[in-house]
Amino acid sequence: MTTPYFDEEEFTTRFDGRTILRILGQVKPHRQRIVCFVLMVAVVSVLDSYFTFLSKRIIDEGIVASNPAALKSIVTQYGLLILVQAVAVFSFIYLVGVLGERVRYDLRQKMFDHLQDLSLSFYNRTPVGWIMSRVTSDAERVAQLVTWGLLDLTWGTINIATASFFMIKINWRLGLIVFTIIPILVITAAQFKKKIIVEFRKVRKINSKITASYNENITGVRVVKAFGREDRNMREFGELTSEMYRSGYRAAWLSALFLPTVQFISALALGGIVWYGGFQAIVGNMTVGGIQAFVSYVVFMIWPIQEMARVYAEMQHAVASAERIFSLIDAVPDVQDQPGAQDPDSIRGDILFEGVTFHYDDDDPVLEGFDLNVRQGETIALVGPTGGGKTTIINLLGRFFEPTKGRILIGGRDYKEMSLHAIQSRIGVVLQTPHLFSGTILENIRYGKLDATDEEIEQAARLSGAHDFIADLEKGYQEEVGEGGNLLSVGQKQLISLARAVLRKPEIFIMDEATSSVDTLTEALIQKGMENLMAGRTTFVIAHRLSTIRRADRILVIKNGKITEMGAHAELLRRRGHYYRLYTSQFRSQLEQEYQPFQAAAVAAA
Amino acid sequence: MTVPTSNDLRQTLSDKPLIGLYLLMRDYRLIYLTATLSLGVAAAARSGTYLLLGRLADKILGDEAAAGSLPLVALGFLGLAAVTGVFTFLSGTLAARTSEGVAQRLRDFMYDHIQRLTFSYHDQTRTGELIQRATSDIDAVRQFFADHAIGAGRILLLFVVNLAALLYLNWQLALYSIIVVPVTVLISYFFFQRVSKAYEAYQEQDAVLTNTLQENLTGVRVVKAFGRQSYEREKFDIVNWEKFTLGRRLLLMHALYWPSSDILTGGQMLAGFAIGAIMAINGEISVGEYMSYAGMLIWIVWPIRNLGRLIVQMSTGIVSFNRITEVIRQEREPLDEGDYISKDRPRGEIVFEDVSFAYERDSHVLQDINFRCEPGQIVALIGSTGSGKTTLANLLPRFYEYTAGSITLDGVELKRYPRNFLRGQIGVVEQEPFLFSRSIRENITYGVDRQVSEEEVIAAAEAAAIHDSIISFPNGYDTLVGEKGVTLSGGQKQRLAIARTLVKDPCMLILDDATSSVDVETETEIRAALERLMQGRTTFIIAHRIQSVMIADLIVVLDSGRIVQIGRHEELLGQEGIYRKIFDIQTRIEAELEKEIASVGQDTFLPYTANEERQDGILSYTANEE
């Protein structure tokens, strides 16, 4: 999986109008909120500029005119407006913030929804980490853009517009001088922000390398020590941290240069104000307060400009994020219901693989021209080397993949004519590594049948041999299994995943037997549980255990996508072929595990 | 390359975190001080701008004759702006040099420190925890220097400088202007304390959400197999909605804090304006003085709102620093301590005499271990789980230090050999080998600090029976191992580990009997590869299966940390004891297998008997393959 497609934060396109429209489409349901917060921000922004104008009036109409009454009325007005602004600030923070959370929520929900529909092939070629970043950080970035980004943009634009209005009002000639500075400021600021963002991305990249390096060196510390690699590792790591220093320093250096540069440019305007404005004041075209107001407007103008520059720079990233989100949402599931798909009441019947070919990539077939006829109720054991195609066969049977060529018939009809639900709700699957979800044991078993009563669950647990160990737990069925079930032993997890399948009462049972060893008692329980499950059902097992293999009606040795040997246990054993070697080796290792000669002998001697 | 003493952060340890942080800044203290003082200069220049504005209003604007000095005043403004700019920039870069420098120092030291901590420490410590300290905690310390400490310094300096300038203008006015400042600081401090808690809750929910998502994605096969898509959707929706709710609560707090602090601060400022204006009307101060005052007032009042935030953030930085120093305090394993280094390759004669080992005082893991082995011999250690066989093997490379008795290598006490020398002479092949996410070639040459020729790499891979698999990958030897590259099967990993050890060419070996859970085919290949590896090397096998011990020159049977039987296979078979019992079980298994095969009938020949196995040991498997 080294395709650049999965590289983080890669830009595919420049600004794309359609993407932006689609982003806006995401917030369409909340347009009332948007209108409200834009209004509120506008109030705040206009007041920000107006306060400066009021300060001017304090000087001109109050102090210079020596008019305490005017002063009093201006101050009162000022005070009231501070309260008004506070209310507006409260509203916009709350509105925009909640909207932001809401957009995040919506995006995550939408992606999660779609992810449930995507086929296994999508998951096979897409790293989990990649999907996770889409749902977490990309959703975050898009939400930021449509909320705080929009807010900063509104605030900045209105702030500059109203400041300009007041400046023109105070002295239009001087106002024009200041305006010449604005585009220079905007362009400089935007360029800076772009560069700074690029540097920070570099920092983040190196940072994740550093974390990976720590992770590897800590998990592999025993190997590091055994090979005496400490010094060389340190040298390699030192290069990484030096790189980190350079990037981090450069990013900070640019950030440190940014404000002073922008401030100095605006100081040029300040010089102009003092020179020309001072002259105007002397000839009486301008008041002292007017000069004060101009100075304030220019000094504080850098804030809206800085914010707008930031939004502009981040917009590109947010658009790229949005593109990735949309690419996920637009991904079409490979396996879907065909038009007119039906749900027969049962999928019992013979299963027929007819010339089935399957490949993940175009050139490399995993299975080729595979034929197999399975009678209803038969138990099929699949054995053979890893990568031979066993897993593919059961994935095709469960219709998690569909054949590239050929057909699979269940009860005489092509299974593509049935709905996915019809098939998948009637099969029971037990995977090699049992996957449990955080929550209680009860919840995990209930996963097999959501409306099952507690009694049904207990019965399923009994049938699968899980009940005894559960009953011994302190909280019984209410015991938490931990993340991924890691509070339970491997054997216990297997028992629960069996119970889950038992509860389902499937018509076809698919099992990928675990290779990992469990203690003898648990093993016996698992065997018993499996027997209960297999009884009367068509069963496909990727078999590792002797008892399972022996119990099968037919054993298929799968190698390189083909059946190399097929038959019953005794028959195959007599053939002295591949199966014979597999079986004898498996026999030894399993019996060794069962007898545990080392433990047993130690106990016997004691 | 050991850590240069200048970067030995163990010297910076102190009981008081602030002193620790100060010590950590060695070489950067002057720089950081300059960074802080630069902010003072910048603040002063900014105040100068307002004072100049006041003078402009008082002295020049009313006076037509003074118009000629306007350009000069304009230049003055520009000059002051330049001074502000230069010093702000200076402060920013100097602070960055300090924070990045300190962070690099911490990262380097922690990395090296962690890989030199003892085995026992790593046995007890969780990876995630160490990583967190080495990454996010270090970053918190970096931010402490880069943003928080200097930001708090900036606010304080702005306050002090502007207040001084106000006092110079009119001390009464100055005092009126800061009445609510302490209130603002306190409120903001308490507010941000609470916010940081609410934020934590929000972040925790984020972790829950991430976990739920991850569980769903990794368990996608189960979800699909059970057709539980809509159930999963609902589950996710609950978690997702909870995050939305917590986010809304956090926002409500912000939405309440900012406007109320706006009212407080804005009110203070307006009151300042009013008092100043009245004083100006009464002629106590001039118009120009009022203008200077109004300008500077803003820089005193508004930044204060952020002081509480910075103080809270600084305290989290200090907590992070404490967590880092906890790791730094841990004792290292001295790698080059020891006075005996032989120029020649050790022969590999090993003698254990009354060796004991205990993690803690009383609980002995190993006791009274005595045996000797000649160069090139194979020693098999067998016993049940917890019998001490792995620990015994781990004493050889001094992963653990034996606590009593003596172990000699070629007649020299093991403790006299420096650890790094010893480890260079011993190869370890683990049961589940750890490979690094580098190319296959780099993994094979991982253990040696020299240029390894392509021929040598290939030769090692061939001897380890992995060459053919490697060249079947699209990128051959340059294929990356792990998440970003190929996923190797258990057998392939083991063979790669064997190749890696072959390149290292040690004179002694420790093998964790490494053939469980692999295919029959690969098992044969691995056994053959292992045999090539063991040739001419003193080998300790940590055995889990009887097959691996039969070829041993010496079998050491351990039980509860003591040797209960010792000898060759034939000798031990002749004795009453654990070994014979193990062997009996083994024979029984073979007998059962024979019976089973016989039961299916039609025996043309039986290519495999227990007797044969007794003679050939490991090789017997090879004999069965065509």
# chains A, B, ... in the order shown; residues from 1 in each chain; ligands from 1

$ residues_around --residues "Phe192 (chain B)" --least-positions-apart "6" --cutoff "12 Å" --atoms "only C-alpha atoms" --output "list in words"
Thr184, Val185, Leu186, Ala198, Tyr199, Glu200, Leu250, Met253, His254, Tyr257, Trp258, Arg305, Asn306, Leu307, Gly308, Arg309, Leu310, Ile311, Val312, Gln313, Met314, Ser315 and Thr316 of chain B

$ write_last_selection --atoms "C-alpha atoms" --output "compact mmCIF listing (two decimals), in the first residue's frame"
# COMPACT_ATOMS: atom_id res chain seq x y z
CA THR B 184 -9.57 40.42 35.53
CA VAL B 185 -6.48 38.32 36.25
CA LEU B 186 -8.24 36.32 38.93
CA ALA B 198 -14.19 20.98 30.24
CA TYR B 199 -11.73 20.75 27.41
CA GLU B 200 -10.28 17.57 28.85
CA LEU B 250 -17.39 24.11 26.31
CA MET B 253 -18.41 28.67 28.82
CA HIS B 254 -16.41 30.59 26.25
CA TYR B 257 -16.49 34.40 29.57
CA TRP B 258 -15.46 36.57 26.67
CA ARG B 305 -7.48 38.99 29.93
CA ASN B 306 -5.11 36.37 28.55
CA LEU B 307 -2.84 36.18 31.57
CA GLY B 308 -5.00 33.61 33.33
CA ARG B 309 -4.93 31.36 30.29
CA LEU B 310 -1.15 31.54 30.09
CA ILE B 311 -0.74 30.76 33.78
CA VAL B 312 -2.96 27.67 33.46
CA GLN B 313 -1.06 26.55 30.37
CA MET B 314 2.27 27.10 32.09
CA SER B 315 1.20 24.84 34.90
CA THR B 316 0.37 22.03 32.45

$ interface_residues --of "chain B" --to "chain A" --cutoff "6 Å" --atoms "only C-alpha atoms" --output "count of residues only"
30

$ select_by_dssp --residues "region 235-414 of chain A" --states "alpha helix (DSSP H)" --output "ChimeraX atom specification"
/A:235-272,278-282,288-330,390-397

$ residues_around --residues "Leu173 (chain B)" --least-positions-apart "3" --cutoff "10 Å" --atoms "only C-alpha atoms" --output "PDB file with N, CA and C atoms, in the first residue's frame"
ATOM      1  N   LEU B 166       2.472  55.870  32.176  1.00  0.00           N
ATOM      2  CA  LEU B 166       1.292  56.567  32.696  1.00  0.00           C
ATOM      3  C   LEU B 166       1.632  57.292  33.997  1.00  0.00           C
ATOM      4  N   LEU B 167       2.394  56.602  34.852  1.00  0.00           N
ATOM      5  CA  LEU B 167       2.788  57.229  36.115  1.00  0.00           C
ATOM      6  C   LEU B 167       3.565  58.507  35.848  1.00  0.00           C
ATOM      7  N   LEU B 169       3.166  60.365  33.261  1.00  0.00           N
ATOM      8  CA  LEU B 169       2.213  61.366  32.788  1.00  0.00           C
ATOM      9  C   LEU B 169       1.421  61.956  33.953  1.00  0.00           C
ATOM     10  N   ASN B 170       0.780  61.073  34.721  1.00  0.00           N
ATOM     11  CA  ASN B 170      -0.056  61.518  35.829  1.00  0.00           C
ATOM     12  C   ASN B 170      -0.350  60.326  36.717  1.00  0.00           C
ATOM     13  N   TYR B 176      -6.011  54.997  38.756  1.00  0.00           N
ATOM     14  CA  TYR B 176      -7.415  54.773  38.422  1.00  0.00           C
ATOM     15  C   TYR B 176      -7.577  53.726  37.314  1.00  0.00           C
ATOM     16  N   SER B 177      -6.579  53.690  36.440  1.00  0.00           N
ATOM     17  CA  SER B 177      -6.737  52.878  35.231  1.00  0.00           C
ATOM     18  C   SER B 177      -6.543  51.385  35.447  1.00  0.00           C
ATOM     19  N   ILE B 178      -6.036  51.038  36.642  1.00  0.00           N
ATOM     20  CA  ILE B 178      -5.741  49.606  36.797  1.00  0.00           C
ATOM     21  C   ILE B 178      -6.559  48.962  37.910  1.00  0.00           C
ATOM     22  N   GLY B 272     -11.574  54.959  32.427  1.00  0.00           N
ATOM     23  CA  GLY B 272     -10.296  55.661  32.264  1.00  0.00           C
ATOM     24  C   GLY B 272     -10.440  56.847  31.323  1.00  0.00           C
ATOM     25  N   PHE B 273     -11.112  56.588  30.191  1.00  0.00           N
ATOM     26  CA  PHE B 273     -11.327  57.676  29.225  1.00  0.00           C
ATOM     27  C   PHE B 273     -12.062  58.837  29.895  1.00  0.00           C
ATOM     28  N   ILE B 275     -12.495  59.661  33.143  1.00  0.00           N
ATOM     29  CA  ILE B 275     -11.724  60.389  34.154  1.00  0.00           C
ATOM     30  C   ILE B 275     -10.671  61.266  33.496  1.00  0.00           C
ATOM     31  N   GLY B 276      -9.982  60.653  32.517  1.00  0.00           N
ATOM     32  CA  GLY B 276      -8.953  61.412  31.795  1.00  0.00           C
ATOM     33  C   GLY B 276      -9.540  62.639  31.120  1.00  0.00           C
ATOM     34  N   MET B 279     -10.332  65.297  33.606  1.00  0.00           N
ATOM     35  CA  MET B 279      -9.095  65.968  34.027  1.00  0.00           C
ATOM     36  C   MET B 279      -8.586  66.902  32.948  1.00  0.00           C
ATOM     37  N   ILE B 285      -4.582  67.905  32.865  1.00  0.00           N
ATOM     38  CA  ILE B 285      -3.652  67.366  31.864  1.00  0.00           C
ATOM     39  C   ILE B 285      -3.972  68.020  30.533  1.00  0.00           C
ATOM     40  N   TYR B 293      -2.336  58.982  26.898  1.00  0.00           N
ATOM     41  CA  TYR B 293      -2.935  58.151  27.927  1.00  0.00           C
ATOM     42  C   TYR B 293      -3.934  57.158  27.311  1.00  0.00           C
TER      43      TYR B 293
END

$ residues_around --residues "Arg105 (chain B)" --least-positions-apart "2" --cutoff "9 Å" --atoms "only C-alpha atoms" --output "list in words"
Thr241 of chain A; Asn7, Leu9, Leu24, Glu100, Gly101, Val102, Ala103, Arg107, Asp108, Phe109 and Met110 of chain B

$ write_last_selection --atoms "N, CA and C atoms" --output "PDB file, in the first residue's frame"
ATOM      1  N   THR A 241      15.929  14.734  14.704  1.00  0.00           N
ATOM      2  CA  THR A 241      15.627  15.868  15.588  1.00  0.00           C
ATOM      3  C   THR A 241      16.283  17.146  15.068  1.00  0.00           C
TER       4      THR A 241
ATOM      5  N   ASN B   7      24.988  17.189  27.085  1.00  0.00           N
ATOM      6  CA  ASN B   7      23.564  16.914  26.952  1.00  0.00           C
ATOM      7  C   ASN B   7      23.108  15.847  27.942  1.00  0.00           C
ATOM      8  N   LEU B   9      21.130  15.165  30.646  1.00  0.00           N
ATOM      9  CA  LEU B   9      20.095  15.891  31.372  1.00  0.00           C
ATOM     10  C   LEU B   9      19.913  15.376  32.790  1.00  0.00           C
ATOM     11  N   LEU B  24      17.594  23.166  32.707  1.00  0.00           N
ATOM     12  CA  LEU B  24      17.429  22.624  31.360  1.00  0.00           C
ATOM     13  C   LEU B  24      17.810  23.645  30.290  1.00  0.00           C
ATOM     14  N   GLU B 100      13.037  25.448  20.663  1.00  0.00           N
ATOM     15  CA  GLU B 100      13.366  24.339  19.763  1.00  0.00           C
ATOM     16  C   GLU B 100      14.636  23.637  20.231  1.00  0.00           C
ATOM     17  N   GLY B 101      15.590  24.448  20.706  1.00  0.00           N
ATOM     18  CA  GLY B 101      16.841  23.859  21.181  1.00  0.00           C
ATOM     19  C   GLY B 101      16.612  22.963  22.388  1.00  0.00           C
ATOM     20  N   VAL B 102      15.842  23.462  23.319  1.00  0.00           N
ATOM     21  CA  VAL B 102      15.561  22.680  24.522  1.00  0.00           C
ATOM     22  C   VAL B 102      14.787  21.411  24.152  1.00  0.00           C
ATOM     23  N   ALA B 103      13.823  21.558  23.223  1.00  0.00           N
ATOM     24  CA  ALA B 103      13.028  20.395  22.825  1.00  0.00           C
ATOM     25  C   ALA B 103      13.917  19.353  22.151  1.00  0.00           C
ATOM     26  N   ARG B 107      14.409  15.587  23.321  1.00  0.00           N
ATOM     27  CA  ARG B 107      14.085  14.451  22.446  1.00  0.00           C
ATOM     28  C   ARG B 107      15.283  13.525  22.313  1.00  0.00           C
ATOM     29  N   ASP B 108      16.431  14.111  22.018  1.00  0.00           N
ATOM     30  CA  ASP B 108      17.635  13.297  21.850  1.00  0.00           C
ATOM     31  C   ASP B 108      17.933  12.520  23.120  1.00  0.00           C
ATOM     32  N   PHE B 109      17.879  13.247  24.230  1.00  0.00           N
ATOM     33  CA  PHE B 109      18.260  12.584  25.469  1.00  0.00           C
ATOM     34  C   PHE B 109      17.285  11.465  25.810  1.00  0.00           C
ATOM     35  N   MET B 110      15.994  11.755  25.684  1.00  0.00           N
ATOM     36  CA  MET B 110      14.993  10.742  26.036  1.00  0.00           C
ATOM     37  C   MET B 110      15.135   9.506  25.168  1.00  0.00           C
TER      38      MET B 110
END

$ closest_residue --among "A:Val186, A:Leu176, A:Leu487, A:Ala143" --to "Ala313 (chain A)" --atoms "only C-alpha atoms"
A:Val186

$ residues_around --residues "region 474-477 of chain B" --least-positions-apart "2" --cutoff "8 Å" --atoms "only C-alpha atoms" --output "NGL selection string"
:B and (439-441 or 470-472 or 479)

$ write_last_selection --atoms "C-alpha atoms" --output "mmCIF file, in the first residue's frame"
data_model
loop_
_atom_site.group_PDB
_atom_site.id
_atom_site.type_symbol
_atom_site.label_atom_id
_atom_site.label_comp_id
_atom_site.auth_asym_id
_atom_site.auth_seq_id
_atom_site.Cartn_x
_atom_site.Cartn_y
_atom_site.Cartn_z
ATOM 1 C CA SER B 439 13.790 -2.189 3.889
ATOM 2 C CA ILE B 440 14.510 -5.898 4.016
ATOM 3 C CA ARG B 441 18.159 -5.168 3.282
ATOM 4 C CA ILE B 470 12.515 -11.727 -1.084
ATOM 5 C CA ILE B 471 13.109 -11.611 -4.812
ATOM 6 C CA SER B 472 9.480 -12.483 -5.402
ATOM 7 C CA THR B 479 10.863 -3.827 -0.036
#

$ residues_around --residues "His467 (chain B)" --least-positions-apart "3" --cutoff "12 Å" --atoms "only C-alpha atoms" --output "PDB file with C-alpha atoms, in the first residue's frame"
ATOM      1  CA  ILE B 440      14.510  -5.898   4.016  1.00  0.00           C
ATOM      2  CA  ARG B 441      18.159  -5.168   3.282  1.00  0.00           C
ATOM      3  CA  ILE B 444      19.307  -7.968   7.439  1.00  0.00           C
ATOM      4  CA  GLU B 455      26.831 -10.497  -1.983  1.00  0.00           C
ATOM      5  CA  GLU B 456      26.990 -10.930   1.758  1.00  0.00           C
ATOM      6  CA  VAL B 457      23.366  -9.890   2.211  1.00  0.00           C
ATOM      7  CA  ILE B 458      22.233 -12.338  -0.462  1.00  0.00           C
ATOM      8  CA  ALA B 459      24.430 -15.105   0.917  1.00  0.00           C
ATOM      9  CA  ALA B 460      22.882 -14.646   4.359  1.00  0.00           C
ATOM     10  CA  ALA B 461      19.386 -14.600   2.895  1.00  0.00           C
ATOM     11  CA  GLU B 462      20.098 -17.757   0.927  1.00  0.00           C
ATOM     12  CA  ALA B 463      21.487 -19.526   3.956  1.00  0.00           C
ATOM     13  CA  ALA B 464      18.380 -18.493   5.852  1.00  0.00           C
ATOM     14  CA  ILE B 470      12.515 -11.727  -1.084  1.00  0.00           C
ATOM     15  CA  ILE B 471      13.109 -11.611  -4.812  1.00  0.00           C
ATOM     16  CA  SER B 472       9.480 -12.483  -5.402  1.00  0.00           C
ATOM     17  CA  PHE B 473       8.528  -9.078  -3.950  1.00  0.00           C
ATOM     18  CA  GLY B 476      13.208  -7.212  -3.833  1.00  0.00           C
ATOM     19  CA  TYR B 477      15.616  -6.357  -1.072  1.00  0.00           C
ATOM     20  CA  GLN B 492       9.288 -15.323   6.811  1.00  0.00           C
ATOM     21  CA  ARG B 495      13.971 -16.582   8.487  1.00  0.00           C
ATOM     22  CA  LEU B 496      14.706 -12.887   8.129  1.00  0.00           C
ATOM     23  CA  ILE B 498      18.070 -15.786  11.041  1.00  0.00           C
ATOM     24  CA  ALA B 499      19.611 -13.942   8.084  1.00  0.00           C
ATOM     25  CA  GLU B 525      13.085 -24.619   5.842  1.00  0.00           C
ATOM     26  CA  ALA B 529      18.337 -22.552   8.220  1.00  0.00           C
TER      27      ALA B 529
END

$ atom_distance --atom1 "CA of Leu495 (chain A)" --atom2 "CA of Ala466 (chain A)"
5.2 Å

$ residues_around --residues "region 22-27 of chain A" --least-positions-apart "6" --cutoff "9 Å" --atoms "only C-alpha atoms" --output "PyMOL selection string"
chain A and resi 34+99+103+106-107+142+146+319+322+326

$ select_by_dssp --residues "region 182-380 of chain A" --states "strand (DSSP E or B)" --output "ChimeraX atom specification"
/A:342,351-359,365-374,379-380

$ write_last_selection --atoms "N, CA and C atoms" --output "short mmCIF file (atom, residue, chain, number, x, y, z; two decimals), in the first residue's frame"
data_model
loop_
_atom_site.label_atom_id
_atom_site.label_comp_id
_atom_site.auth_asym_id
_atom_site.auth_seq_id
_atom_site.Cartn_x
_atom_site.Cartn_y
_atom_site.Cartn_z
N GLN A 342 -33.98 -10.30 -4.66
CA GLN A 342 -35.08 -10.80 -3.84
C GLN A 342 -34.58 -11.40 -2.55
N ILE A 351 -24.85 -25.78 -2.58
CA ILE A 351 -24.07 -24.60 -2.98
C ILE A 351 -23.15 -25.02 -4.12
N LEU A 352 -23.14 -24.20 -5.15
CA LEU A 352 -22.37 -24.57 -6.33
C LEU A 352 -21.43 -23.43 -6.73
N PHE A 353 -20.15 -23.72 -6.78
CA PHE A 353 -19.20 -22.77 -7.34
C PHE A 353 -18.98 -23.19 -8.79
N GLU A 354 -19.24 -22.27 -9.72
CA GLU A 354 -19.14 -22.63 -11.13
C GLU A 354 -18.08 -21.79 -11.81
N GLY A 355 -16.92 -22.39 -12.05
CA GLY A 355 -15.84 -21.68 -12.76
C GLY A 355 -15.52 -20.33 -12.15
N VAL A 356 -15.43 -20.29 -10.83
CA VAL A 356 -15.25 -18.99 -10.17
C VAL A 356 -13.80 -18.53 -10.22
N THR A 357 -13.62 -17.34 -10.75
CA THR A 357 -12.31 -16.70 -10.77
C THR A 357 -12.42 -15.43 -9.96
N PHE A 358 -11.37 -15.16 -9.19
CA PHE A 358 -11.40 -13.92 -8.43
C PHE A 358 -10.01 -13.29 -8.37
N HIS A 359 -9.91 -12.03 -8.67
CA HIS A 359 -8.66 -11.33 -8.34
C HIS A 359 -8.87 -9.96 -7.73
N PRO A 365 -4.69 -13.39 -10.28
CA PRO A 365 -5.86 -14.10 -9.77
C PRO A 365 -5.53 -14.88 -8.50
N VAL A 366 -6.40 -14.78 -7.50
CA VAL A 366 -6.21 -15.55 -6.28
C VAL A 366 -6.86 -16.92 -6.46
N LEU A 367 -7.94 -16.89 -7.24
CA LEU A 367 -8.69 -18.12 -7.46
C LEU A 367 -8.96 -18.17 -8.96
N GLU A 368 -8.80 -19.34 -9.57
CA GLU A 368 -9.04 -19.37 -11.00
C GLU A 368 -9.84 -20.62 -11.38
N GLY A 369 -10.92 -20.41 -12.06
CA GLY A 369 -11.75 -21.51 -12.55
C GLY A 369 -12.10 -22.53 -11.47
N PHE A 370 -12.56 -22.03 -10.33
CA PHE A 370 -12.80 -22.89 -9.19
C PHE A 370 -14.20 -23.51 -9.26
N ASP A 371 -14.25 -24.84 -9.19
CA ASP A 371 -15.54 -25.54 -9.23
C ASP A 371 -15.72 -26.32 -7.95
N LEU A 372 -16.92 -26.29 -7.40
CA LEU A 372 -17.18 -27.05 -6.19
C LEU A 372 -18.68 -27.22 -6.03
N ASN A 373 -19.06 -28.42 -5.64
CA ASN A 373 -20.47 -28.68 -5.43
C ASN A 373 -20.65 -29.18 -4.00
N VAL A 374 -21.40 -28.43 -3.20
CA VAL A 374 -21.57 -28.79 -1.80
C VAL A 374 -23.04 -29.09 -1.54
N THR A 379 -20.32 -30.71 5.69
CA THR A 379 -19.27 -29.93 6.32
C THR A 379 -17.99 -30.02 5.47
N ILE A 380 -17.53 -28.87 5.04
CA ILE A 380 -16.35 -28.80 4.18
C ILE A 380 -15.20 -28.20 4.98
#

$ atom_distance --atom1 "CA of Phe509 (chain A)" --atom2 "CA of Tyr579 (chain A)"
23.6 Å

$ closest_residue --among "B:Lys16, B:Lys415, B:Arg233, B:Lys343" --to "Phe399 (chain B)" --atoms "only C-alpha atoms"
B:Lys415

$ atom_distance --atom1 "CA of Leu153 (chain A)" --atom2 "CA of Phe200 (chain A)"
22.1 Å

$ closest_atom_pairs --of "region 429-524 of chain B" --to "region 348-372 of chain B" --cutoff "12 Å" --atoms "only C-alpha atoms" --output "CSV"
residue,atom,partner,partner_atom,distance
B:Pro506,CA,B:Gly348,CA,10.0
B:Cys507,CA,B:Gly348,CA,6.5
B:Met508,CA,B:Gly348,CA,6.3
B:Leu509,CA,B:Gly348,CA,9.7

$ closest_residue --among "B:Asp505, B:Leu56, B:Ile187, B:Tyr400" --to "Gln535 (chain B)" --atoms "only C-alpha atoms"
B:Asp505
